[in-house]
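What follows is the content of entry30.cif, which has mmCIF, C-alpha atoms and all ligand atoms:
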```cif
data_query
#
loop_
_atom_site.label_atom_id
_atom_site.label_comp_id
_atom_site.auth_asym_id
_atom_site.auth_seq_id
_atom_site.Cartn_x
_atom_site.Cartn_y
_atom_site.Cartn_z
CA THR K 2 76.12 4.19 -90.48
CA THR K 3 75.77 2.18 -87.29
CA VAL K 4 73.48 3.14 -84.43
CA LEU K 5 73.78 1.61 -80.97
CA VAL K 6 70.31 1.03 -79.50
CA SER K 7 70.40 0.29 -75.78
CA GLY K 8 67.44 -1.74 -74.52
CA VAL K 9 66.71 -3.20 -77.95
CA SER K 10 64.75 -6.03 -76.28
CA GLY K 11 62.26 -3.48 -74.95
CA TYR K 12 58.98 -2.28 -76.41
CA ILE K 13 60.28 1.07 -77.69
CA GLY K 14 63.88 -0.06 -78.29
CA CYS K 15 62.75 -2.83 -80.63
CA HIS K 16 60.62 -0.41 -82.68
CA VAL K 17 63.50 2.07 -82.86
CA ALA K 18 65.73 -0.71 -84.22
CA ARG K 19 63.04 -1.71 -86.73
CA GLU K 20 62.71 1.88 -87.96
CA LEU K 21 66.50 2.25 -88.26
CA LEU K 22 66.81 -0.98 -90.27
CA GLN K 23 63.95 0.03 -92.54
CA GLN K 24 65.69 3.36 -93.17
CA GLY K 25 68.95 1.56 -94.08
CA PHE K 26 70.96 2.04 -90.88
CA SER K 27 72.91 -0.77 -89.25
CA VAL K 28 71.88 -1.49 -85.68
CA ARG K 29 73.88 -2.74 -82.74
CA GLY K 30 71.51 -3.54 -79.92
CA THR K 31 72.32 -4.02 -76.26
CA VAL K 32 70.60 -6.86 -74.42
CA ARG K 33 71.12 -8.40 -71.00
CA SER K 34 71.69 -12.03 -72.08
CA PRO K 35 72.69 -14.19 -75.07
CA GLU K 36 69.19 -15.76 -75.11
CA LYS K 37 67.64 -12.32 -75.63
CA THR K 38 70.07 -11.75 -78.52
CA GLU K 39 68.56 -14.61 -80.50
CA GLN K 40 64.99 -13.60 -79.68
CA VAL K 41 65.53 -10.00 -80.78
CA ARG K 42 67.44 -11.06 -83.90
CA GLU K 43 64.49 -13.19 -84.95
CA VAL K 44 62.14 -10.20 -84.61
CA LEU K 45 64.41 -7.76 -86.41
CA LEU K 46 65.23 -10.10 -89.31
CA GLN K 47 61.64 -9.55 -90.47
CA PHE K 48 62.53 -5.95 -91.21
CA THR K 49 65.68 -6.33 -93.30
CA THR K 50 67.02 -8.40 -96.18
CA TYR K 51 70.57 -7.78 -94.92
CA PRO K 52 71.18 -9.79 -91.71
CA ALA K 53 74.64 -8.17 -91.44
CA GLN K 54 72.87 -4.92 -90.54
CA ILE K 55 72.09 -6.41 -87.11
CA SER K 56 74.58 -7.01 -84.30
CA PHE K 57 74.45 -7.17 -80.51
CA ALA K 58 76.42 -6.36 -77.40
CA ILE K 59 75.65 -7.82 -73.98
CA VAL K 60 75.17 -5.22 -71.24
CA LYS K 61 74.01 -7.07 -68.14
CA ASP K 62 73.27 -4.03 -66.04
CA ILE K 63 73.21 -0.54 -67.52
CA GLY K 64 73.88 0.90 -64.05
CA GLU K 65 77.32 -0.73 -63.69
CA PRO K 66 80.31 1.56 -64.24
CA SER K 67 81.77 1.26 -67.78
CA ALA K 68 78.89 -1.08 -68.75
CA PHE K 69 78.78 0.34 -72.29
CA ASP K 70 82.53 0.65 -72.96
CA GLU K 71 82.64 -2.28 -75.38
CA ALA K 72 79.19 -1.72 -76.91
CA VAL K 73 79.98 1.82 -78.13
CA VAL K 74 83.17 1.01 -80.03
CA GLY K 75 82.83 1.80 -83.74
CA VAL K 76 79.29 3.24 -83.72
CA ASP K 77 78.27 6.59 -85.19
CA TYR K 78 75.19 7.34 -83.10
CA ILE K 79 73.61 6.11 -79.89
CA ILE K 80 69.93 5.87 -79.03
CA HIS K 81 69.63 5.16 -75.31
CA THR K 82 66.22 3.68 -74.59
CA ALA K 83 67.15 1.28 -71.77
CA SER K 84 65.72 2.29 -68.40
CA PRO K 85 63.50 0.44 -65.96
CA VAL K 86 59.78 1.15 -66.27
CA HIS K 87 57.67 0.40 -63.18
CA LEU K 88 54.49 2.41 -63.02
CA GLY K 89 53.27 0.81 -59.78
CA PRO K 90 54.94 0.63 -56.36
CA VAL K 91 58.43 -0.87 -56.04
CA THR K 92 60.25 -2.29 -53.00
CA ASP K 93 63.57 -0.48 -53.38
CA ALA K 94 63.12 2.50 -55.68
CA LYS K 95 66.72 3.63 -55.53
CA ARG K 96 68.09 0.24 -56.53
CA GLU K 97 65.34 -0.73 -58.98
CA LEU K 98 64.66 2.61 -60.68
CA ILE K 99 66.80 5.61 -59.84
CA ASP K 100 70.27 4.03 -60.00
CA PRO K 101 69.88 2.21 -63.34
CA ALA K 102 68.15 5.24 -64.91
CA VAL K 103 70.71 7.79 -63.74
CA ASN K 104 73.89 5.69 -63.80
CA GLY K 105 72.86 4.10 -67.10
CA THR K 106 72.48 7.52 -68.71
CA ILE K 107 75.70 8.96 -67.32
CA GLY K 108 77.49 5.68 -68.04
CA ILE K 109 76.57 5.55 -71.71
CA LEU K 110 77.56 9.21 -72.16
CA ASN K 111 80.84 8.54 -70.41
CA SER K 112 81.56 5.53 -72.62
CA ALA K 113 80.68 7.63 -75.69
CA THR K 114 83.36 10.21 -74.81
CA LYS K 115 85.98 7.49 -75.49
CA VAL K 116 84.82 7.02 -79.09
CA PRO K 117 85.50 9.98 -81.41
CA SER K 118 83.29 8.60 -84.22
CA ILE K 119 80.12 9.20 -82.15
CA ARG K 120 78.26 12.27 -83.38
CA ARG K 121 75.07 12.34 -81.33
CA VAL K 122 73.41 10.53 -78.44
CA VAL K 123 69.61 10.53 -78.38
CA ILE K 124 68.14 9.71 -74.99
CA THR K 125 64.62 8.39 -74.41
CA SER K 126 63.36 10.59 -71.62
CA SER K 127 59.65 11.06 -70.93
CA VAL K 128 56.85 13.55 -70.48
CA ALA K 129 57.19 12.33 -66.88
CA ALA K 130 60.45 14.32 -66.75
CA ILE K 131 58.51 17.44 -67.75
CA ARG K 132 55.28 17.44 -65.73
CA GLY K 133 53.65 15.20 -63.20
CA ASN K 134 50.23 16.72 -63.19
CA THR K 135 49.09 18.10 -66.52
CA SER K 136 46.39 20.13 -64.84
CA ILE K 137 48.81 22.44 -63.05
CA LEU K 138 48.98 24.74 -66.03
CA PRO K 139 45.85 24.49 -68.17
CA GLU K 140 47.69 25.62 -71.29
CA GLY K 141 49.58 22.34 -71.31
CA LEU K 142 53.15 21.32 -70.92
CA SER K 143 56.19 22.20 -72.97
CA GLU K 144 59.86 21.42 -73.34
CA LEU K 145 60.66 24.29 -70.96
CA ASP K 146 59.29 22.48 -67.91
CA TRP K 147 60.89 20.06 -65.47
CA ASN K 148 59.05 17.67 -63.17
CA SER K 149 60.74 18.95 -60.03
CA ASP K 150 57.60 17.99 -58.05
CA ALA K 151 58.38 14.32 -58.65
CA VAL K 152 61.99 14.71 -57.55
CA GLU K 153 60.86 16.49 -54.38
CA ALA K 154 58.16 13.88 -53.65
CA PHE K 155 60.70 11.10 -54.13
CA GLU K 156 63.32 12.76 -51.92
CA LYS K 157 60.79 13.61 -49.19
CA ASP K 158 58.41 10.64 -49.16
CA GLY K 159 59.95 8.02 -51.46
CA ILE K 160 56.99 8.28 -53.86
CA ALA K 161 56.81 9.17 -57.59
CA SER K 162 59.97 7.15 -58.13
CA TYR K 163 59.48 6.47 -61.86
CA PRO K 164 58.97 10.13 -62.88
CA ALA K 165 61.77 11.07 -60.49
CA SER K 166 64.08 8.54 -62.18
CA LYS K 167 63.34 10.02 -65.60
CA THR K 168 63.72 13.62 -64.40
CA ILE K 169 66.99 13.07 -62.52
CA ALA K 170 68.43 10.97 -65.38
CA GLU K 171 67.60 13.54 -68.04
CA GLN K 172 68.92 16.42 -65.96
CA ALA K 173 72.10 14.45 -65.35
CA ALA K 174 72.53 14.08 -69.14
CA TRP K 175 72.22 17.84 -69.78
CA ASN K 176 74.59 18.57 -66.89
CA PHE K 177 77.07 16.03 -68.26
CA VAL K 178 77.15 17.77 -71.64
CA ARG K 179 77.39 21.22 -70.03
CA ASP K 180 80.27 20.21 -67.75
CA LYS K 181 82.24 17.74 -69.88
CA LYS K 182 81.72 19.36 -73.29
CA PRO K 183 82.04 16.11 -75.24
CA SER K 184 82.61 16.13 -79.01
CA PHE K 185 79.13 14.65 -79.59
CA ASP K 186 75.85 16.45 -78.94
CA ILE K 187 72.66 15.12 -77.39
CA ALA K 188 68.91 15.35 -77.87
CA THR K 189 66.08 13.88 -75.84
CA ILE K 190 62.76 12.41 -76.93
CA ASN K 191 60.08 12.88 -74.26
CA PRO K 192 57.09 10.68 -75.11
CA SER K 193 53.81 10.61 -73.25
CA PHE K 194 52.13 7.21 -72.61
CA VAL K 195 53.21 4.98 -75.51
CA PHE K 196 50.80 2.45 -77.03
CA GLY K 197 50.69 0.63 -80.37
CA PRO K 198 51.74 -2.84 -81.59
CA ALA K 199 54.25 -4.76 -79.47
CA ILE K 200 56.92 -6.47 -81.60
CA HIS K 201 59.57 -7.11 -78.92
CA PRO K 202 60.16 -10.60 -77.49
CA CYS K 203 57.51 -11.35 -74.92
CA ALA K 204 56.39 -14.73 -73.57
CA SER K 205 52.80 -13.88 -72.58
CA THR K 206 50.34 -11.02 -72.14
CA ALA K 207 51.33 -10.96 -68.46
CA ALA K 208 54.92 -10.17 -69.50
CA LEU K 209 54.00 -7.24 -71.77
CA ASN K 210 55.64 -3.88 -71.08
CA ALA K 211 53.82 -1.64 -68.61
CA THR K 212 51.88 0.52 -71.08
CA VAL K 213 50.73 -2.07 -73.64
CA LYS K 214 49.66 -4.18 -70.66
CA ILE K 215 47.13 -1.45 -69.76
CA ILE K 216 45.39 -2.02 -73.13
CA SER K 217 45.80 -5.80 -72.95
CA ASP K 218 44.25 -5.87 -69.47
CA PHE K 219 41.28 -3.83 -70.70
CA TYR K 220 40.81 -6.07 -73.74
CA LEU K 221 41.08 -9.28 -71.67
CA PHE K 222 38.81 -7.86 -68.92
CA ASN K 223 41.59 -8.29 -66.34
CA THR K 224 40.76 -4.69 -65.47
CA THR K 225 37.08 -4.49 -64.60
CA GLN K 226 36.83 -0.87 -63.40
CA ILE K 227 38.28 2.14 -65.14
CA ASN K 228 40.27 4.61 -63.07
CA PRO K 229 38.07 7.74 -63.07
CA ALA K 230 41.07 9.96 -62.30
CA SER K 231 43.14 8.71 -65.21
CA ALA K 232 43.67 11.36 -67.87
CA ALA K 233 46.98 11.58 -69.66
CA HIS K 234 48.53 11.94 -73.08
CA TYR K 235 49.27 9.26 -75.66
CA VAL K 236 51.50 8.58 -78.64
CA ASP K 237 51.89 5.61 -80.98
CA VAL K 238 55.14 3.66 -80.64
CA ARG K 239 55.69 3.89 -84.40
CA ASP K 240 55.72 7.70 -84.14
CA VAL K 241 58.06 7.46 -81.15
CA ALA K 242 60.43 5.32 -83.23
CA ARG K 243 60.34 7.83 -86.12
CA ALA K 244 61.02 10.67 -83.69
CA HIS K 245 64.15 8.94 -82.37
CA VAL K 246 65.53 8.43 -85.88
CA LEU K 247 64.71 12.03 -86.86
CA ALA K 248 66.54 13.15 -83.72
CA ILE K 249 69.75 11.68 -85.14
CA THR K 250 69.24 12.82 -88.74
CA VAL K 251 67.92 16.37 -88.25
CA PRO K 252 70.84 18.73 -87.50
CA ALA K 253 68.59 21.24 -85.70
CA ALA K 254 67.68 18.58 -83.11
CA SER K 255 71.08 19.20 -81.53
CA GLY K 256 70.80 20.13 -77.86
CA GLN K 257 66.98 19.98 -77.87
CA ARG K 258 64.33 18.06 -75.99
CA PHE K 259 61.14 17.06 -77.80
CA VAL K 260 57.71 16.30 -76.42
CA VAL K 261 56.36 13.51 -78.60
CA SER K 262 52.63 13.15 -78.03
CA ASN K 263 49.42 13.26 -80.01
CA GLY K 264 46.87 14.39 -77.45
CA SER K 265 44.98 13.24 -74.43
CA PHE K 266 43.14 10.05 -73.54
CA THR K 267 41.15 8.63 -70.67
CA HIS K 268 40.33 5.06 -69.68
CA GLU K 269 36.76 5.80 -70.76
CA ALA K 270 38.02 6.67 -74.24
CA ILE K 271 39.97 3.38 -74.45
CA ILE K 272 36.83 1.41 -73.54
CA ALA K 273 34.78 3.28 -76.14
CA VAL K 274 37.27 2.29 -78.88
CA LEU K 275 37.31 -1.33 -77.69
CA LYS K 276 33.50 -1.56 -77.60
CA LYS K 277 33.23 -0.15 -81.12
CA ASN K 278 35.97 -2.25 -82.73
CA PHE K 279 35.86 -5.46 -80.69
CA PRO K 280 32.21 -5.77 -79.69
CA GLY K 281 30.50 -8.61 -77.85
CA ARG K 282 33.02 -8.83 -75.01
CA PRO K 283 32.82 -7.70 -71.39
CA TYR K 284 34.63 -4.44 -70.64
CA ALA K 285 35.46 -2.35 -67.60
CA THR K 286 32.77 -0.02 -66.33
CA GLY K 287 32.91 3.46 -64.83
CA SER K 288 33.37 6.95 -66.13
CA THR K 289 36.15 9.49 -66.17
CA THR K 290 35.98 12.47 -63.85
CA ALA K 291 39.45 13.89 -64.56
CA THR K 292 39.91 16.85 -66.86
CA VAL K 293 42.38 16.60 -69.68
CA TYR K 294 44.54 19.44 -70.90
CA PRO K 295 46.31 19.96 -74.20
CA VAL K 296 49.85 18.82 -74.75
CA LEU K 297 52.04 21.02 -76.88
CA ASN K 298 53.81 18.91 -79.50
CA SER K 299 54.54 21.73 -81.95
CA LYS K 300 58.31 21.43 -81.61
CA SER K 301 58.19 17.77 -82.73
CA LEU K 302 56.44 19.00 -85.88
CA SER K 303 58.40 22.17 -86.61
CA VAL K 304 61.94 21.07 -85.70
CA LEU K 305 61.92 17.28 -86.07
CA GLY K 306 59.42 17.30 -88.93
CA LEU K 307 57.53 14.38 -87.48
CA GLY K 308 54.54 14.99 -89.75
CA GLU K 309 51.24 13.33 -89.05
CA TYR K 310 50.80 11.44 -85.79
CA ILE K 311 48.88 8.15 -85.79
CA PRO K 312 45.36 8.79 -84.41
CA PHE K 313 44.09 7.35 -81.10
CA GLU K 314 41.57 4.87 -82.51
CA LYS K 315 44.01 3.32 -84.99
CA MET K 316 46.66 3.09 -82.26
CA ILE K 317 44.35 1.21 -79.87
CA VAL K 318 42.97 -1.07 -82.59
CA ASP K 319 46.46 -1.94 -83.86
CA THR K 320 47.61 -2.60 -80.28
CA VAL K 321 44.79 -5.08 -79.68
CA ASN K 322 45.25 -6.75 -83.07
CA SER K 323 48.94 -7.27 -82.32
CA ILE K 324 48.09 -8.83 -78.95
CA LYS K 325 45.43 -11.08 -80.51
CA ALA K 326 47.75 -12.27 -83.28
CA ARG K 327 50.74 -12.90 -81.03
CA PHE K 328 49.10 -14.50 -78.03
CA ASN K 329 46.08 -16.08 -79.66
CA VAL K 330 43.66 -14.35 -77.28
P1 LIG G 1 60.41 -1.84 -71.63
O1 LIG G 1 60.32 -2.31 -70.24
O2 LIG G 1 59.76 -2.63 -72.70
O3 LIG G 1 61.94 -1.64 -72.04
C1 LIG G 1 62.94 -1.31 -71.12
C2 LIG G 1 64.27 -1.75 -71.70
O4 LIG G 1 65.32 -1.39 -70.80
C3 LIG G 1 64.37 -3.26 -71.87
O5 LIG G 1 65.16 -3.55 -73.00
C4 LIG G 1 65.09 -3.69 -70.60
O6 LIG G 1 65.78 -4.91 -70.73
C5 LIG G 1 66.05 -2.54 -70.43
N1 LIG G 1 66.50 -2.40 -69.05
C6 LIG G 1 65.79 -1.95 -67.99
N2 LIG G 1 66.54 -1.95 -66.88
C7 LIG G 1 67.77 -2.41 -67.25
C8 LIG G 1 68.98 -2.64 -66.55
N3 LIG G 1 69.11 -2.38 -65.25
N4 LIG G 1 70.05 -3.14 -67.25
C9 LIG G 1 69.93 -3.41 -68.58
N5 LIG G 1 68.81 -3.19 -69.29
C10 LIG G 1 67.74 -2.70 -68.63
O7 LIG G 1 59.83 -0.36 -71.61
P2 LIG G 1 59.62 0.74 -72.75
O8 LIG G 1 60.08 0.24 -74.06
O9 LIG G 1 58.26 1.25 -72.60
O10 LIG G 1 60.62 1.87 -72.26
C11 LIG G 1 61.79 2.25 -72.97
C12 LIG G 1 62.18 3.66 -72.60
O11 LIG G 1 61.12 4.55 -72.93
C13 LIG G 1 62.47 3.88 -71.11
O12 LIG G 1 63.54 4.78 -71.02
C14 LIG G 1 61.17 4.53 -70.61
O13 LIG G 1 61.39 5.30 -69.47
C15 LIG G 1 60.81 5.38 -71.81
N6 LIG G 1 59.41 5.79 -71.89
C16 LIG G 1 58.41 4.87 -72.00
C17 LIG G 1 57.09 5.29 -72.13
C18 LIG G 1 55.96 4.34 -72.28
O14 LIG G 1 54.81 4.78 -72.21
N7 LIG G 1 56.17 3.05 -72.53
C19 LIG G 1 56.75 6.72 -72.10
C20 LIG G 1 57.88 7.60 -72.01
C21 LIG G 1 59.15 7.14 -71.91
P3 LIG G 1 65.01 -6.35 -70.56
O15 LIG G 1 64.22 -6.54 -71.82
O16 LIG G 1 66.11 -7.33 -70.43
O17 LIG G 1 64.17 -6.21 -69.34
#
```
Once you've parsed the file, please lay out its structure as structure tokens.
Amino acid sequence: TTVLVSGVSGYIGCHVARELLQQGFSVRGTVRSPEKTEQVREVLLQFTTYPAQISFAIVKDIGEPSAFDEAVVGVDYIIHTASPVHLGPVTDAKRELIDPAVNGTIGILNSATKVPSIRRVVITSSVAAIRGNTSILPEGLSELDWNSDAVEAFEKDGIASYPASKTIAEQAAWNFVRDKKPSFDIATINPSFVFGPAIHPCASTAALNATVKIISDFYLFNTTQINPASAAHYVDVRDVARAHVLAITVPAASGQRFVVSNGSFTHEAIIAVLKKNFPGRPYATGSTTATVYPVLNSKSLSVLGLGEYIPFEKMIVDTVNSIKARFNV
């Protein structure tokens, strides 16, 4: 069974590929350049004794029409993780975020309609496509919600472009399936902030993906003040990878979206874990004023059967240990 993983050079994509290989699937990964192919192959070879399980397709820009036409030929499933992640401000949000997110998602679905062997497409969406502000409803968020606030804010003021990109892209996927009725079905995985060891190719701590960089910057004291307003939800990348694979193997995942999240965290909580486990270093000061609300992950347990989530402290400690080992910091 071969699974196409788009964005296999990315933080989550690389872990999804690792999990697939470890469960005996063959993986075809999409990367933007031949150099990335060799870097990702080197990482993934650690997780299989069968190098033939790994192959690649070059997709230079996911937003180009028909970008995935060649990559999808002969695969049984698709896991679409590729999408730009910029949590800070961007110069041209439409070009940098919205277009690749939306056109990439529609494009891969469109390419998949040309290949009858494809049974399911799992799309990496986000909690950001569900809710912008977790305090709006104190009971937490669920798979029934859409982050229409972000779409409105983006359309009106050009802000909230990352959550808007995830919301518009995911909605476009569900509309595609409703309108085109393809022979495959889809499911979405909607993770909260993802942390945990980074295994993907990465030249330096400065080049880490957006979320692991938050932890790295705290550990390296590049961030000297915590953000008092920061309160969000977290999940370990290894659980996110398992969720994606379950979303292709569990029949009942068909046509469902899944919040994948283990609870809430604050910057203050990150610092507390760092101080306890990596003492004797300078760390950011300040305290959290934001309130955190529960996240409802019950569907990931009851339908996907995700089982136990990795706890916060282990996730942070493993993240830092991976950074220390890789970058000698
Ligand atoms: P990364 O930045 O590490 O990975 C993004 C991947 O997408 C990379 O492989 C990147 O390629 C590829 N990509 C981005 N834009 C393009 C493009 N225009 N053309 C081709 N490839 C492109 O981030 P993550 O692993 O964190 O994110 C993966 C997915 O998970 C995204 O869909 C993101 O929205 C989602 N997500 C992430 C969360 C998190 O906390 N990290 C939380 C919830 C959802 P390259 O390596 O060449 O840059």
If you count only C-alpha atoms, the residue of K:Ala233, K:Val152, K:Leu46, K:Leu21 closest to K:Thr292 turns out to be K:Ala233
Centre, x/y/z edge lengths, axis-aligned box for ligand LIG 1 (chain G) with 8 Å per side, as lines of an AutoDock Vina configuration file:
```
center_x = 62.4
center_y = 0.1
center_z = -69.7
size_x = 31.2
size_y = 30.9
size_z = 24.8
```
If I put a ball of radius 6 Å at (59.9, 15.5, -73.7) in the file's coordinates, which residues poke into it when counting only C-alpha atoms, written as a ChimeraX atom specification? /K:127-128,144,190-192,258-260
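Distance check against K:Val17 using only C-alpha atoms: of K:Val241, K:Ile79, K:Ile200, K:Val321, the minimum falls on K:Val241.
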I'd like the interatomic distance between atom CA of K:Pro117 and atom CA of K:Ala248, to a tenth of an Å.
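Separation of atom CA of K:Pro117 and atom CA of K:Ala248: 19.4 Å.
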- Of the listed residues K:Phe155, K:Phe313, K:Phe328, K:Tyr78, that which approaches K:Cys203 most closely, counting all atoms listed in the file: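 Once distances to K:Cys203 are computed over all atoms listed in the file, the minimum belongs to K:Phe328.
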Check your understanding: Distance atom CA of K:His201-atom CA of K:Asp319, one decimal place?
Key ->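 Computing the Euclidean distance for atom CA of K:His201 and atom CA of K:Asp319 yields 14.9 Å.
The two atoms in question, atom CA of K:Val41 and atom C10 of ligand LIG 1 (chain G), are spaced 14.3 Å apart.
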**Prompt:** Which is closer to ligand LIG 1 (chain G) than all the others in K:Ser265, K:Ser149, K:Thr212, K:Ser303, using only C-alpha atoms and all ligand atoms?
**Reply:**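 Closest to ligand LIG 1 (chain G), using only C-alpha atoms and all ligand atoms: K:Thr212.
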Need to verify the contact set: K:Glu153, 12 Å, only C-alpha atoms, exclusion of same-chain residues closer than 4 positions in sequence. Can you return it as a list in words?
Gly133, Trp147, Asn148, Ser149, Lys157, Asp158, Gly159, Ile160, Ala161, Ser162, Pro164, Ala165, Ser166, Thr168 and Ile169 of chain K
- Residue contacts of K:Thr2 (8 Å, only C-alpha atoms) excluding same-chain residues fewer than 2 positions away, as a ChimeraX atom specification: /K:4,26-27,76-77
Near-K:Thr290 list (10 Å; only C-alpha atoms; drop same-chain fewer than 5 positions) as an MDAnalysis selection string: chainID K and resid 228:232 267 269
